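The block underneath contains the structure these notes are about, expressed in structure tokens.
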Amino acid sequence: MNRWFSVFFMLLATAVSSVRADDEVGPLLDRAIAGDHRSEANRARDPFRHPKETLMFMGLRPDATVVEIAPSAGWFTDIIAPVVKERGKLYAARVGISSPKSPQIIKDRDKAFLTRMASRPDVFGQVVPTEILAASGEEAAPRGSADLVLTFRNVHNWAKGGSADAMFRTFFDLLKPGGMLGVEEHRARPGTSFEDQVKTGYMTEQYVIETAQKAGFRFLGKSEINANPRDTKDHPSGVWTLPPTFALGDKDREKYQAIGESDRMTLKFV
């Protein structure tokens, strides 16, 4: 009888801890978003990227072990790292940095990312820089160790390179049973051909959901927090026509600035 009481109280304590962590994440996100470690250029994108709402929807908690896939220059790393610094862990799983085929711009950006992480141990002291290889996720984080895997605006690159299936299988292997996957991606119109998806950088929700399901994930739901009805998705240089890239330079810049950043799906899986 005592053993069952022990189990009951253990489960109750876990549930209380989970609720407390969920209650805490909002204020922690507010402080991270307002932090002096963030650049003015990154702050200017907050109205388009909705970091607090996006991360809360995806299930970020201060006690979570998180793997951020392809952090690039670290836009979301700046916000996730302070939230999990005290009780969680963040693996920054970079992509393509060791490949001899990677463009120098990617290597330079990664070097700048690591330098900035090292310059602010008060913010990034618990960030573990790793690399993810689609064939083996063990280098990104220990297998089965993560509570949450996150990726933002990357699926089109893996689709183009033919590695999307392998990447999602790797995400699955990194997570604990019951672990969550959050995906944000530029959203194509339903029925868009795969060729056009890869060409424009806009992927269909169907493609992303089916790719995740093939890897073993169960689709939990989506949020429209990153929807942008002004985005017509028919731009000359695909999604890169829009800010922040402005692939056409100054040509029609005001027009694309008025549209804002892309219409995006925001999905979560377990």
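Ligands are numbered from 1 in the order shown, residues from 1 within each chain, and chains are lettered A, B, ... in the order they appear in the structure tokens.
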query: Near A:Phe76, counting only C-alpha atoms, which residues have an atom at most 10 Å away, once you skip same-chain residues fewer than 2 positions from it, shown as a VMD selection string?
result: chain A and resid 33 42 49 51 55 68 71 to 74 78 to 81 150 to 152
Backbone DSSP call of strand (DSSP E or B) for stretch 15-79 of chain A, listed as JSON, numbers by chain: {"A": [65, 66, 67, 68, 69]}
Go ahead and write the residues just picked, all heavy atoms, as an mmCIF file, in the first residue's frame.
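Below is the file that was written, selection_7.cif:
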```cif
data_model
loop_
_atom_site.group_PDB
_atom_site.id
_atom_site.type_symbol
_atom_site.label_atom_id
_atom_site.label_comp_id
_atom_site.auth_asym_id
_atom_site.auth_seq_id
_atom_site.Cartn_x
_atom_site.Cartn_y
_atom_site.Cartn_z
ATOM 1 N N THR A 65 14.919 20.013 -21.810
ATOM 2 C CA THR A 65 16.101 19.809 -22.649
ATOM 3 C C THR A 65 15.656 20.030 -24.087
ATOM 4 O O THR A 65 14.810 19.295 -24.601
ATOM 5 C CB THR A 65 16.680 18.401 -22.471
ATOM 6 O OG1 THR A 65 17.154 18.263 -21.126
ATOM 7 C CG2 THR A 65 17.824 18.149 -23.435
ATOM 8 N N VAL A 66 16.210 21.060 -24.721
ATOM 9 C CA VAL A 66 15.760 21.510 -26.034
ATOM 10 C C VAL A 66 16.877 21.319 -27.049
ATOM 11 O O VAL A 66 18.048 21.590 -26.751
ATOM 12 C CB VAL A 66 15.361 23.003 -26.000
ATOM 13 C CG1 VAL A 66 14.845 23.466 -27.367
ATOM 14 C CG2 VAL A 66 14.314 23.254 -24.919
ATOM 15 N N VAL A 67 16.524 20.849 -28.240
ATOM 16 C CA VAL A 67 17.454 20.821 -29.365
ATOM 17 C C VAL A 67 16.908 21.769 -30.426
ATOM 18 O O VAL A 67 15.820 21.530 -30.972
ATOM 19 C CB VAL A 67 17.619 19.404 -29.950
ATOM 20 C CG1 VAL A 67 18.659 19.420 -31.073
ATOM 21 C CG2 VAL A 67 18.020 18.399 -28.871
ATOM 22 N N GLU A 68 17.644 22.832 -30.682
ATOM 23 C CA GLU A 68 17.262 23.746 -31.760
ATOM 24 C C GLU A 68 18.040 23.348 -33.004
ATOM 25 O O GLU A 68 19.275 23.378 -33.009
ATOM 26 C CB GLU A 68 17.555 25.197 -31.401
ATOM 27 C CG GLU A 68 17.086 26.159 -32.489
ATOM 28 C CD GLU A 68 17.505 27.603 -32.282
ATOM 29 O OE1 GLU A 68 18.218 27.896 -31.301
ATOM 30 O OE2 GLU A 68 17.125 28.441 -33.121
ATOM 31 N N ILE A 69 17.322 22.987 -34.045
ATOM 32 C CA ILE A 69 17.940 22.515 -35.282
ATOM 33 C C ILE A 69 18.243 23.709 -36.199
ATOM 34 O O ILE A 69 17.372 24.522 -36.482
ATOM 35 C CB ILE A 69 17.009 21.535 -36.017
ATOM 36 C CG1 ILE A 69 16.562 20.397 -35.082
ATOM 37 C CG2 ILE A 69 17.688 20.985 -37.270
ATOM 38 C CD1 ILE A 69 17.676 19.505 -34.587
#
```
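Non-sequential neighbours of stretch 212-216 of chain A (distance at most 8 Å, separation of 4 or more positions within a chain, only C-alpha atoms) are A:Asp165, A:Phe168, A:Arg169, A:Phe172, A:Val208, A:Phe269.
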- request: Could you give me, as a list in words, the residues within 10 Å of A:Arg87, counting only C-alpha atoms and dropping anything in the same chain fewer than 2 positions from it?
  value: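 In the requested format, the answer is Arg61, Pro62, Asp63, Ala64, Thr65, Val83, Val84, Lys85, Lys89 and Gln126 of chain A.
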Produce a file of the selected residues containing N, CA and C atoms, as a PDB file, in the first residue's frame.
```
ATOM      1  N   ARG A  61       9.494  24.964 -22.036  1.00  0.00           N
ATOM      2  CA  ARG A  61       9.405  25.066 -20.582  1.00  0.00           C
ATOM      3  C   ARG A  61      10.800  25.329 -20.036  1.00  0.00           C
ATOM      4  N   PRO A  62      10.908  25.997 -18.883  1.00  0.00           N
ATOM      5  CA  PRO A  62      12.232  26.330 -18.351  1.00  0.00           C
ATOM      6  C   PRO A  62      13.045  25.129 -17.902  1.00  0.00           C
ATOM      7  N   ASP A  63      12.397  23.982 -17.677  1.00  0.00           N
ATOM      8  CA  ASP A  63      13.127  22.795 -17.246  1.00  0.00           C
ATOM      9  C   ASP A  63      13.330  21.796 -18.387  1.00  0.00           C
ATOM     10  N   ALA A  64      13.133  22.240 -19.612  1.00  0.00           N
ATOM     11  CA  ALA A  64      13.200  21.330 -20.761  1.00  0.00           C
ATOM     12  C   ALA A  64      14.623  21.201 -21.304  1.00  0.00           C
ATOM     13  N   THR A  65      14.919  20.013 -21.810  1.00  0.00           N
ATOM     14  CA  THR A  65      16.101  19.809 -22.649  1.00  0.00           C
ATOM     15  C   THR A  65      15.656  20.030 -24.087  1.00  0.00           C
ATOM     16  N   VAL A  83      15.697  31.267 -21.155  1.00  0.00           N
ATOM     17  CA  VAL A  83      14.553  30.605 -20.524  1.00  0.00           C
ATOM     18  C   VAL A  83      14.973  29.291 -19.867  1.00  0.00           C
ATOM     19  N   VAL A  84      15.861  28.537 -20.521  1.00  0.00           N
ATOM     20  CA  VAL A  84      16.241  27.215 -20.009  1.00  0.00           C
ATOM     21  C   VAL A  84      17.567  27.238 -19.251  1.00  0.00           C
ATOM     22  N   LYS A  85      18.167  28.402 -19.106  1.00  0.00           N
ATOM     23  CA  LYS A  85      19.522  28.491 -18.563  1.00  0.00           C
ATOM     24  C   LYS A  85      19.656  27.883 -17.169  1.00  0.00           C
ATOM     25  N   LYS A  89      18.384  22.743 -20.603  1.00  0.00           N
ATOM     26  CA  LYS A  89      19.581  22.675 -21.434  1.00  0.00           C
ATOM     27  C   LYS A  89      19.174  22.942 -22.872  1.00  0.00           C
ATOM     28  N   GLN A 126      24.711  27.848 -20.770  1.00  0.00           N
ATOM     29  CA  GLN A 126      24.284  26.449 -20.797  1.00  0.00           C
ATOM     30  C   GLN A 126      24.027  25.930 -22.210  1.00  0.00           C
TER      31      GLN A 126
END
```
message: Given only C-alpha atoms as the basis, pick out the residue of A:Pro100, A:Gly162, A:Gly238, A:Gly125 nearest to A:Gly201.
response: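 Selected residue with least distance to A:Gly201: A:Gly238.
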statement: Shortest contact to A:Asn228, candidates A:Gly182, A:Gly161, A:Pro47, A:Pro27, atoms counted only C-alpha atoms, goes to A:Pro47
statement: Separating atom CA of A:Met265 from atom CA of A:His156, to the nearest tenth of an Å, is a gap of 12.6 Å
- prompt: Separation of atom CA of A:Asp46 and atom CA of A:Trp75, in Å?
  reply: 10.1 Å
- prompt: For A:Thr170, which of A:Lys233, A:Arg94, A:Arg43, A:Arg143 is the closest residue, counting only C-alpha atoms?
  reply: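 Among A:Lys233, A:Arg94, A:Arg43, A:Arg143, it is A:Arg143 that comes nearest to A:Thr170.
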message: Write out as number ranges by chain the set of residues from stretch 24-265 of chain A that DSSP, computed on the backbone, places in helix (DSSP H, G or I).
response: A: 24-33, 40-43, 46-49, 51-58, 77-84, 104-119, 121-124, 137-139, 155-161, 164-174, 194-200, 205-214, 238-241, 253-259
task: Using only C-alpha atoms, pick whichever of A:Ala247, A:Ala141, A:Leu242, A:Ile132 has the shortest atom-to-atom distance to A:Asp263.
output: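 Residue with the minimum atom-to-atom distance to A:Asp263: A:Leu242.
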